[in-house]
Amino acid sequence: MKILVTGGAGFVGSHVTKLLLKQGHIVTVVDNLSTGKKELIDKRATFIQADLLDQPSIEKILPGHDGVIHMASFIEVSESIRNPAEFAQNNILGGVKLLEAMKKTQVKKIIFSSSACVYGTPKKLPITEDDPQGVQENPYGITKVTTEQFCSLYHHLFNFDVAILRYFNPYGPGELHDPETHAIPNFVKAVLSKQPVPLFWKGEQVRDFIYIDDLAAAHIMPLSLSGLNIYNVGTETGMKVIDVVKEIFNLIGYAVPIDDKGERQGDVPKLVASSQKIKRELGWEAKVDLKEGLKKTIEFFKTLYPKP
Ligand SMILES: NC(=O)c1ccc[n+]([C@@H]2O[C@H](COP(=O)([O-])OP(=O)(O)OC[C@H]3O[C@@H](n4cnc5c(N)ncnc54)[C@H](O)[C@@H]3O)[C@@H](O)[C@H]2O)c1
């Protein structure tokens, strides 16, 4: 298939692009490089630097594609609290303009990167896709809920094939957000540079960490689906954040002090996915366990630090 990947210069998008190419698909990456890095884009993909808000440009690029994997977004939660209008414009309006461009050019298949944050504070674990969406604590979460709804609307009104993927906590090589707010890359970088590990809530929160190769694989299977489909993408295994820190100490071979950051507003205590639906309907399951994934992630970050 010929697939347009938005946000392909980002962490998740660059891995999805690689996997699509490996499986013989033709890939066009559209990214405005606002936070993404050109060097992360596989050279075999056609790269077009463009902004989703520039609908005429997207309409020129789209014809001939069989579908879109839409990952372009601003992602930094605290930044979304400081700049809600920017987030609404980029993520919501950018998404709607993309859908409009798709409608005009008759490219009616979209896979959208959503997030476990749409559930708010879950009432039960593991979370299933038919659990209610919860109150959002920040504008980023609202952009995910709203873009999900626009995608569903384009299914109902215009017969789009829509797959919504609700990621739990992705991690892995190539995660180079700046600033980085995600736990695992920050922990690994702190330990490798022998700095204290910044830790909120004393690491008591439970998260479902999903390795990037497994997450990327979940984007390929829905390309053959029709209709409206929503899937959690997680491992069904909850890990206390402090146990992840201990595993990183163990794998690197030494410990560093903890920098106790106290409590952080808006953090949900526990998030664990049920992935039964994606397993049952698409045969997808996470293959890389946390220890193996952390090893690969540590190897990647070691390449960024000069040897002593
Ligand atoms: N990384 C996570 O932990 C996580 C968790 C849940 C959901 N998600 C979602 O997955 C997707 C990818 O996340 P990521 O971690 O790879 O983020 P990222 O910041 O690494 O990548 C996002 C990419 O989108 C591009 N972009 C942003 N706005 C654009 C626009 N208007 N036009 C064109 N390009 C634009 C950026 O330049 C960047 O390359 C996002 O939609 C994010 O909300 C990520």
# chains A, B, ... in the order shown; residues from 1 in each chain; ligands from 1
>>> closest_atom_pairs(of="chain A", to="ligand 1", cutoff="6 Å", atoms="only C-alpha atoms and all ligand atoms", output="tab-separated table")
residue	atom	partner	partner_atom_place_in_ligand_line	distance
A:Gly7	CA	ligand 1	24 (O)	3.5
A:Gly8	CA	ligand 1	39 (O)	5.8
A:Ala9	CA	ligand 1	39 (O)	4.0
A:Gly10	CA	ligand 1	20 (O)	3.3
A:Phe11	CA	ligand 1	16 (O)	3.6
A:Val12	CA	ligand 1	16 (O)	3.7
A:Gly13	CA	ligand 1	16 (O)	5.4
A:Asp31	CA	ligand 1	34 (N)	3.6
A:Asn32	CA	ligand 1	33 (C)	4.1
A:Leu33	CA	ligand 1	37 (O)	3.7
A:Ser34	CA	ligand 1	37 (O)	4.0
A:Thr35	CA	ligand 1	37 (O)	4.0
A:Gly36	CA	ligand 1	39 (O)	3.0
A:Ala50	CA	ligand 1	33 (C)	5.8
A:Asp51	CA	ligand 1	32 (N)	3.6
A:Leu52	CA	ligand 1	32 (N)	4.1
A:Leu53	CA	ligand 1	31 (N)	5.7
A:Met71	CA	ligand 1	41 (O)	4.1
A:Ala72	CA	ligand 1	24 (O)	3.3
A:Ser73	CA	ligand 1	27 (C)	4.1
A:Phe74	CA	ligand 1	27 (C)	5.2
A:Ile75	CA	ligand 1	43 (O)	4.9
A:Asn90	CA	ligand 1	31 (N)	5.1
A:Gly94	CA	ligand 1	31 (N)	5.6
A:Ser113	CA	ligand 1	10 (O)	4.8
A:Ser114	CA	ligand 1	7 (C)	5.1
A:Ser115	CA	ligand 1	6 (C)	4.2
A:Tyr167	CA	ligand 1	6 (C)	4.7
A:Asn169	CA	ligand 1	3 (O)	5.3
A:Pro170	CA	ligand 1	3 (O)	4.8
A:His177	CA	ligand 1	20 (O)	5.8
>>> residues_around(residues="Thr237 of chain A", least_positions_apart="6", cutoff="8 Å", atoms="only C-alpha atoms", output="list in words")
Asp208, Phe209, Val272 and Ala273 of chain A
>>> write_last_selection(atoms="N, CA and C atoms", output="CSV table (one decimal), in the first residue's frame")
chain,number,residue,atom,x,y,z
A,208,ASP,N,1.8,1.0,32.2
A,208,ASP,CA,1.9,-0.2,31.3
A,208,ASP,C,2.8,0.3,30.1
A,209,PHE,N,4.1,-0.1,30.2
A,209,PHE,CA,5.1,0.3,29.3
A,209,PHE,C,5.1,-0.6,28.1
A,272,VAL,N,-3.3,0.5,33.3
A,272,VAL,CA,-3.0,-0.7,32.7
A,272,VAL,C,-4.0,-1.1,31.6
A,273,ALA,N,-3.5,-1.5,30.5
A,273,ALA,CA,-4.4,-1.8,29.3
A,273,ALA,C,-4.9,-3.2,29.4
>>> atom_distance(atom1="atom CA of Gln205 of chain A", atom2="atom CA of Pro269 of chain A")
4.9 Å
>>> select_by_dssp(residues="segment 34-224 of chain A", states="strand (DSSP E)", output="ChimeraX atom specification")
/A:46-49,67-70,109-115,161-167,169-171,197-199,206-207,209-211
>>> select_by_dssp(residues="segment 14-54 of chain A", states="helix (DSSP H, G or I)", output="PyMOL selection string")
chain A and resi 14-22+38-40
>>> write_last_selection(atoms="C-alpha atoms", output="mmCIF file, in the first residue's frame")
data_model
loop_
_atom_site.group_PDB
_atom_site.id
_atom_site.type_symbol
_atom_site.label_atom_id
_atom_site.label_comp_id
_atom_site.auth_asym_id
_atom_site.auth_seq_id
_atom_site.Cartn_x
_atom_site.Cartn_y
_atom_site.Cartn_z
ATOM 1 C CA SER A 14 9.974 7.192 12.504
ATOM 2 C CA HIS A 15 9.619 3.620 13.821
ATOM 3 C CA VAL A 16 6.265 3.114 12.072
ATOM 4 C CA THR A 17 7.805 4.401 8.814
ATOM 5 C CA LYS A 18 10.691 1.913 9.071
ATOM 6 C CA LEU A 19 8.345 -0.986 9.707
ATOM 7 C CA LEU A 20 6.016 -0.044 6.828
ATOM 8 C CA LEU A 21 9.016 0.083 4.461
ATOM 9 C CA LYS A 22 10.325 -3.233 5.783
ATOM 10 C CA LYS A 38 14.877 14.880 9.733
ATOM 11 C CA GLU A 39 17.656 12.378 10.490
ATOM 12 C CA LEU A 40 15.117 10.023 12.108
#
>>> residues_around(residues="Gln136 of chain A", least_positions_apart="4", cutoff="10 Å", atoms="only C-alpha atoms", output="list in words")
Cys117, Val118, Tyr119, Gly120, Thr121, Tyr140, Gly141, Ile142, Thr143, Lys144, Val145 and Gly266 of chain A
>>> residues_around(residues="Leu153 of chain A", least_positions_apart="4", cutoff="12 Å", atoms="only C-alpha atoms", output="VMD selection string")
chain A and resid 96 99 to 100 146 to 149 157 to 162 227 to 228
>>> residues_around(residues="His25 of chain A", least_positions_apart="5", cutoff="8 Å", atoms="only C-alpha atoms", output="CSV table (one decimal) with N, CA and C atoms, in the first residue's frame")
chain,number,residue,atom,x,y,z
A,1,MET,N,0.8,-1.2,0.0
A,1,MET,CA,0.0,0.0,0.0
A,1,MET,C,0.9,1.3,0.0
A,2,LYS,N,0.3,2.4,-0.4
A,2,LYS,CA,1.0,3.6,-0.4
A,2,LYS,C,0.4,4.4,0.8
A,3,ILE,N,1.3,4.7,1.8
A,3,ILE,CA,0.8,5.3,3.0
A,3,ILE,C,1.4,6.6,3.3
A,20,LEU,N,6.8,0.0,8.1
A,20,LEU,CA,6.0,0.0,6.8
A,20,LEU,C,6.9,-0.4,5.6
>>> closest_residue(among="A:Glu175, A:Glu285, A:Glu129, A:Asp267", to="Asn229 of chain A", atoms="only C-alpha atoms")
A:Glu129
>>> closest_residue(among="A:Ser275, A:Asn91, A:Thr28, A:Ser78", to="Ile61 of chain A", atoms="only C-alpha atoms")
A:Thr28
>>> residues_around(residues="Val206 of chain A", least_positions_apart="2", cutoff="7 Å", atoms="only C-alpha atoms", output="list in words")
Glu204, Gly238, Met239, Lys240, Val241, Pro269, Lys270 and Leu271 of chain A
>>> atom_distance(atom1="atom CA of Gln195 of chain A", atom2="atom CA of Gly293 of chain A")
22.0 Å
>>> closest_residue(among="A:Glu180, A:Lys295, A:His155, A:Lys277", to="Glu236 of chain A", atoms="only C-alpha atoms")
A:Lys277
>>> atom_distance(atom1="atom CA of Leu282 of chain A", atom2="atom CA of Lys124 of chain A")
24.3 Å
>>> closest_atom_pairs(of="segment 157-225 of chain A", to="segment 278-281 of chain A", cutoff="10 Å", atoms="only C-alpha atoms", output="CSV")
residue,atom,partner,partner_atom,distance
A:Leu165,CA,A:Ile278,CA,9.7
A:Ala218,CA,A:Ile278,CA,8.4
A:Met221,CA,A:Ile278,CA,9.5
A:Pro222,CA,A:Ile278,CA,9.5
>>> write_last_selection(atoms="C-alpha atoms", output="tab-separated table (two decimals), in the first residue's frame")
chain	number	residue	atom	x	y	z
A	165	LEU	CA	-5.00	3.39	18.68
A	218	ALA	CA	0.05	-2.35	15.94
A	221	MET	CA	-2.56	-4.54	11.02
A	222	PRO	CA	-5.45	-2.02	11.00
